[in-house]
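Trainee: Here you go, this is input-v2.txt (compact mmCIF, C-alpha atoms and all ligand atoms).
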# COMPACT_ATOMS: atom_id res chain seq x y z
CA MET A 289 110.58 89.23 153.08
CA SER A 290 109.13 86.33 151.14
CA LEU A 291 108.25 85.66 147.53
CA GLU A 292 104.55 85.77 148.46
CA GLU A 293 104.90 89.19 150.08
CA ILE A 294 106.71 90.62 147.07
CA LYS A 295 104.05 89.20 144.74
CA SER A 296 101.27 90.72 146.79
CA ARG A 297 103.05 94.10 146.86
CA ILE A 298 103.31 93.90 143.05
CA THR A 299 99.59 93.14 142.77
CA LYS A 300 98.77 96.15 144.98
CA ALA A 301 101.07 98.42 142.97
CA GLU A 302 99.46 97.23 139.72
CA ALA A 303 96.01 98.02 141.09
CA ALA A 304 97.10 101.42 142.43
CA ALA A 305 98.50 102.33 139.03
CA GLY A 306 95.41 101.10 137.16
CA ARG A 307 97.47 98.37 135.53
CA ARG A 308 96.10 94.95 134.58
CA PRO A 309 96.63 92.32 137.31
CA GLY A 310 99.56 90.09 136.38
CA GLU A 311 100.85 92.54 133.80
CA VAL A 312 104.16 93.04 135.61
CA GLN A 313 106.67 90.20 135.43
CA LEU A 314 108.72 89.50 138.52
CA ILE A 315 112.31 88.59 137.72
CA ALA A 316 113.79 86.97 140.83
CA VAL A 317 117.45 87.99 140.77
CA SER A 318 119.33 84.94 142.01
CA LYS A 319 122.93 86.10 141.46
CA VAL A 320 125.38 85.01 144.17
CA GLN A 321 122.59 83.48 146.27
CA PRO A 322 123.19 80.09 147.88
CA ILE A 323 121.63 77.37 145.75
CA ASP A 324 119.20 76.22 148.45
CA ARG A 325 117.60 79.66 148.49
CA VAL A 326 117.18 79.48 144.71
CA THR A 327 115.65 76.00 144.80
CA GLY A 328 113.38 77.20 147.61
CA VAL A 329 111.92 79.85 145.32
CA LEU A 330 111.64 77.34 142.45
CA GLU A 331 109.79 74.95 144.77
CA GLN A 332 107.31 77.72 145.57
CA GLY A 333 106.48 77.69 141.87
CA HIS A 334 108.35 80.76 140.66
CA ARG A 335 109.82 80.32 137.17
CA LEU A 336 111.44 83.60 136.08
CA PHE A 337 114.94 84.45 137.25
CA GLY A 338 117.65 87.00 136.52
CA GLU A 339 121.43 86.61 136.53
CA ASN A 340 124.04 89.27 135.94
CA ARG A 341 127.01 87.10 134.96
CA VAL A 342 127.17 84.61 132.09
CA GLN A 343 129.72 82.41 133.84
CA GLU A 344 127.74 82.18 137.04
CA ALA A 345 124.53 81.36 135.18
CA ALA A 346 126.35 78.67 133.18
CA GLY A 347 127.43 76.97 136.40
CA LYS A 348 123.95 76.92 137.88
CA TRP A 349 121.01 76.98 135.48
CA PRO A 350 121.61 74.03 133.13
CA ASP A 351 121.31 71.71 136.18
CA LEU A 352 118.40 73.58 137.77
CA ARG A 353 116.52 73.59 134.47
CA GLN A 354 116.67 69.79 134.39
CA ASP A 355 114.57 69.71 137.56
CA PHE A 356 112.41 72.72 136.65
CA PRO A 357 112.25 72.60 132.84
CA ASP A 358 109.79 75.45 132.31
CA THR A 359 112.10 77.99 134.00
CA LYS A 360 113.11 81.18 132.18
CA VAL A 361 116.36 82.99 132.94
CA HIS A 362 117.10 86.55 131.84
CA LEU A 363 120.55 88.12 131.58
CA ILE A 364 120.42 91.46 133.40
CA GLY A 365 124.17 92.21 133.59
CA PRO A 366 126.94 93.11 131.16
CA LEU A 367 127.60 90.89 128.16
CA GLN A 368 131.06 90.63 126.58
CA THR A 369 130.83 90.11 122.83
CA ASN A 370 132.87 86.90 123.00
CA LYS A 371 130.24 85.37 125.31
CA THR A 372 127.28 86.20 123.08
CA ARG A 373 126.86 82.72 121.62
CA GLN A 374 127.04 81.17 125.06
CA ALA A 375 124.45 83.69 126.25
CA PHE A 376 122.09 82.61 123.44
CA GLY A 377 122.19 79.09 124.86
CA LEU A 378 121.60 80.14 128.45
CA PHE A 379 119.12 83.02 128.47
CA ASP A 380 115.54 83.64 127.40
CA ALA A 381 116.03 87.41 127.20
CA ILE A 382 118.93 89.88 127.35
CA HIS A 383 118.34 93.16 129.23
CA SER A 384 121.80 94.64 128.75
CA VAL A 385 122.23 95.57 125.09
CA ASP A 386 124.33 98.65 125.77
CA ARG A 387 126.58 99.42 122.78
CA PRO A 388 126.71 99.20 118.98
CA LYS A 389 129.44 96.55 118.92
CA LEU A 390 127.34 94.21 121.03
CA ALA A 391 124.24 94.83 118.89
CA LYS A 392 126.21 93.93 115.75
CA THR A 393 127.55 90.76 117.35
CA ILE A 394 124.06 89.73 118.49
CA ALA A 395 122.74 90.31 114.96
CA ARG A 396 125.47 88.12 113.45
CA ILE A 397 124.98 85.30 115.95
CA ALA A 398 121.20 85.49 115.58
CA GLN A 399 121.67 84.88 111.85
CA GLU A 400 123.96 81.94 112.45
CA GLU A 401 121.81 80.38 115.16
CA GLY A 402 118.49 81.09 113.48
CA HIS A 403 116.94 82.63 116.59
CA CYS A 404 117.41 85.57 118.93
CA PRO A 405 116.14 86.10 122.46
CA PRO A 406 114.02 89.20 123.11
CA LEU A 407 116.26 92.18 123.83
CA PHE A 408 116.14 95.20 126.10
CA ILE A 409 118.37 98.19 125.44
CA GLN A 410 120.09 99.47 128.56
CA VAL A 411 119.93 103.25 128.90
CA ASN A 412 122.33 105.10 131.19
CA THR A 413 119.60 107.49 132.38
CA GLY A 414 121.86 109.09 134.99
CA GLU A 415 124.65 109.61 132.42
CA GLU A 416 127.09 108.09 134.90
CA PRO A 417 130.57 107.63 133.39
CA GLN A 418 131.19 104.30 135.16
CA LYS A 419 127.84 102.81 134.18
CA ALA A 420 126.98 100.84 131.06
CA GLY A 421 124.24 101.90 128.70
CA ILE A 422 123.33 104.13 125.83
CA LEU A 423 123.05 107.84 126.68
CA PRO A 424 119.45 109.14 126.61
CA ALA A 425 120.29 111.51 123.75
CA GLU A 426 121.51 108.57 121.66
CA ALA A 427 118.71 106.16 122.50
CA ASP A 428 116.41 106.91 119.54
CA THR A 429 119.19 106.36 117.00
CA PHE A 430 120.40 103.21 118.69
CA VAL A 431 116.91 101.70 118.87
CA ALA A 432 116.43 102.42 115.16
CA ASP A 433 119.84 100.91 114.32
CA CYS A 434 119.02 97.73 116.25
CA GLN A 435 115.65 97.44 114.55
CA SER A 436 117.17 97.94 111.11
CA MET A 437 119.50 95.02 111.87
CA GLY A 438 116.37 92.93 112.51
CA LEU A 439 116.93 92.62 116.25
CA PRO A 440 113.84 91.85 118.38
CA VAL A 441 113.91 94.93 120.62
CA ARG A 442 111.33 94.35 123.32
CA GLY A 443 111.99 97.45 125.40
CA LEU A 444 114.38 99.51 127.50
CA MET A 445 116.15 98.88 130.79
CA CYS A 446 117.76 101.18 133.36
CA ILE A 447 119.58 101.11 136.69
CA PRO A 448 119.13 104.56 138.30
CA PRO A 449 122.00 106.22 140.19
CA VAL A 450 121.99 105.09 143.83
CA GLU A 451 121.88 108.62 145.26
CA GLU A 452 118.98 109.92 143.18
CA GLU A 453 115.21 109.61 143.30
CA PRO A 454 114.60 106.65 140.95
CA SER A 455 111.19 107.89 139.79
CA LEU A 456 112.81 110.58 137.65
CA HIS A 457 114.80 107.90 135.86
CA PHE A 458 111.82 105.57 135.50
CA ALA A 459 109.79 108.42 133.98
CA LEU A 460 112.60 109.24 131.55
CA LEU A 461 112.91 105.60 130.49
CA ALA A 462 109.14 105.36 129.98
CA LYS A 463 109.19 108.48 127.85
CA LEU A 464 112.05 107.16 125.68
CA ALA A 465 110.27 103.84 125.22
CA ALA A 466 106.93 105.41 124.31
CA ARG A 467 108.52 107.72 121.78
CA ASN A 468 110.15 104.71 120.11
CA GLY A 469 107.02 102.57 120.16
CA LEU A 470 108.49 100.08 122.64
CA THR A 471 106.26 98.43 125.24
CA GLY A 472 108.79 96.71 127.52
CA LEU A 473 110.21 98.54 130.54
CA SER A 474 112.73 96.66 132.68
CA MET A 475 113.05 98.85 135.78
CA GLY A 476 112.67 98.64 139.54
CA MET A 477 114.65 96.65 142.10
CA SER A 478 114.12 95.66 145.78
CA SER A 479 113.99 99.22 147.09
CA ASP A 480 111.90 100.85 144.38
CA PHE A 481 109.88 98.33 142.36
CA GLU A 482 106.54 99.83 143.40
CA ARG A 483 107.58 103.26 142.11
CA ALA A 484 108.72 101.59 138.87
CA ILE A 485 105.33 99.87 138.48
CA ALA A 486 103.58 103.22 139.02
CA LEU A 487 105.58 104.55 136.07
CA GLY A 488 104.92 101.62 133.74
CA ALA A 489 107.49 98.87 134.50
CA THR A 490 106.68 95.60 132.74
CA HIS A 491 109.61 93.69 134.29
CA VAL A 492 110.87 94.34 137.82
CA ARG A 493 114.20 92.83 138.88
CA VAL A 494 114.05 91.97 142.57
CA GLY A 495 116.90 90.18 144.35
CA SER A 496 117.62 90.80 148.02
CA ALA A 497 113.98 91.44 149.00
CA ILE A 498 113.15 87.86 147.93
CA PHE A 499 116.30 85.93 148.76
CA GLY A 500 117.75 87.98 151.61
CA GLU A 501 120.93 90.01 151.52
CA ARG A 502 123.56 88.76 149.13
CA VAL A 503 126.47 87.10 150.91
CA LYS A 504 129.01 88.47 148.43
CA PRO A 505 128.65 91.70 146.49
CA GLY A 506 127.21 91.14 143.06
C1 LIG A 601 121.46 92.76 141.43
C2 LIG A 601 120.61 93.41 140.45
C3 LIG A 601 119.24 93.63 140.71
C4 LIG A 601 118.57 93.24 142.02
O1 LIG A 601 118.97 94.09 143.05
P1 LIG A 601 118.25 94.04 144.49
O2 LIG A 601 118.52 95.39 145.04
O3 LIG A 601 118.88 92.94 145.24
O4 LIG A 601 116.81 93.81 144.27
C5 LIG A 601 118.48 94.22 139.73
N1 LIG A 601 119.02 94.58 138.54
C6 LIG A 601 120.32 94.39 138.25
C7 LIG A 601 120.84 94.82 136.92
C8 LIG A 601 121.15 93.82 139.19
O5 LIG A 601 122.46 93.64 138.89
Before we go any further, please render this structure as structure tokens.
Mentor:
Amino acid sequence: MSLEEIKSRITKAEAAAGRRPGEVQLIAVSKVQPIDRVTGVLEQGHRLFGENRVQEAAGKWPDLRQDFPDTKVHLIGPLQTNKTRQAFGLFDAIHSVDRPKLAKTIARIAQEEGHCPPLFIQVNTGEEPQKAGILPAEADTFVADCQSMGLPVRGLMCIPPVEEEPSLHFALLAKLAARNGLTGLSMGMSSDFERAIALGATHVRVGSAIFGERVKPG
């Protein structure tokens, strides 16, 4: 599939859901993709990308940004507290705020640096033990705690369990966001982004459908 096809599928899904055209942001997930595929998508004019590892992004995006200076890169994978300051320098948004310790560290570094990227709180909607994220029952309290620390919480993010119908998880995330007055919804990947848009996604994270299958797992 190509970038153009994905964009046109997004436009159709927006229309079908009665959403404003262009309301949904496409995050092209470039993790572990060969660099020529990434520059190919940049050369087609796309400027919003997602990476799931700080180290990998650090090895790639400072150079690419020199050639394509208006590019935005979002962190969509786990963040270790000791890499928070580095993440502030690399990313335009963080979608993986998943625990109180990380929120506190982000708040401290935001104070020191004098800025903070927009944040999404990751919710473990499937309550999977191996998966990162705040449990749904704890989401309201965690959102309030982050806001009381002054953090710019833009919305919520989820990665549904692979074996389950994702729409149930998208609907749950949308409900949690609405009840907390949050407008951002980071949900939907290659196999389910249209269903996510139907349920209110504002940011879809699409990797393999744009770039082709990843060569290494990521
Ligand atoms: C890899 C990844 C994606 C993209 O997955 P695809 O199935 O390739 O579209 C989306 N979100 C996160 C958090 C990821 O790690």
Trainee: Counting all atoms listed in the file, which protein, DNA or RNA residues come within 7 Å of ligand LIG 601 (chain A), given as a ChimeraX atom specification?
Mentor: /A:317,319,340,364-365,447,477-479,493-497,506
Trainee: In Å to one decimal, how far is atom CA of Thr490 of chain A from atom CA of Val312 of chain A?
Mentor: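 Atom CA of Val312 of chain A sits 4.6 Å away from atom CA of Thr490 of chain A.
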Trainee: Give the answer as one residue: which of A:Cys446, A:Met437, A:Val329, A:Ala304 has the shortest atom-to-atom distance to Leu461 of chain A, using all atoms listed in the file?
Mentor: A:Cys446
Trainee: Could you work out how far atom CA of Lys419 of chain A lies from atom CA of Leu456 of chain A, giving the answer in Å with one decimal?
Mentor: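 Separation of atom CA of Leu456 of chain A and atom CA of Lys419 of chain A: 17.3 Å.
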Trainee: Which is closest to Phe379 of chain A among A:Leu407, A:Ile397, A:Ala303, A:Val326, if we use all atoms listed in the file?
Mentor: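 Among the listed residues, A:Leu407 lies closest to Phe379 of chain A.
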Trainee: Interatomic distance between atom CA of Pro424 of chain A and atom CA of Gln313 of chain A?
Mentor: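 Rounded to one decimal, the two atoms are 24.5 Å apart.
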Trainee: Would you mind telling me which residue in A:Gly347, A:Gly500, A:Gly338, A:Gly414 lies nearest to Val450 of chain A when using only C-alpha atoms?
Mentor: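 Of A:Gly347, A:Gly500, A:Gly338, A:Gly414, the one nearest Val450 of chain A is A:Gly414, counting only C-alpha atoms.
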Trainee: For a cut-off of 7 Å around (114.5, 88.0, 134.3), file coordinates, pick out all residues using only C-alpha atoms and list them as a PyMOL selection string.
Mentor: chain A and resi 315-316+336-338+361-364+493
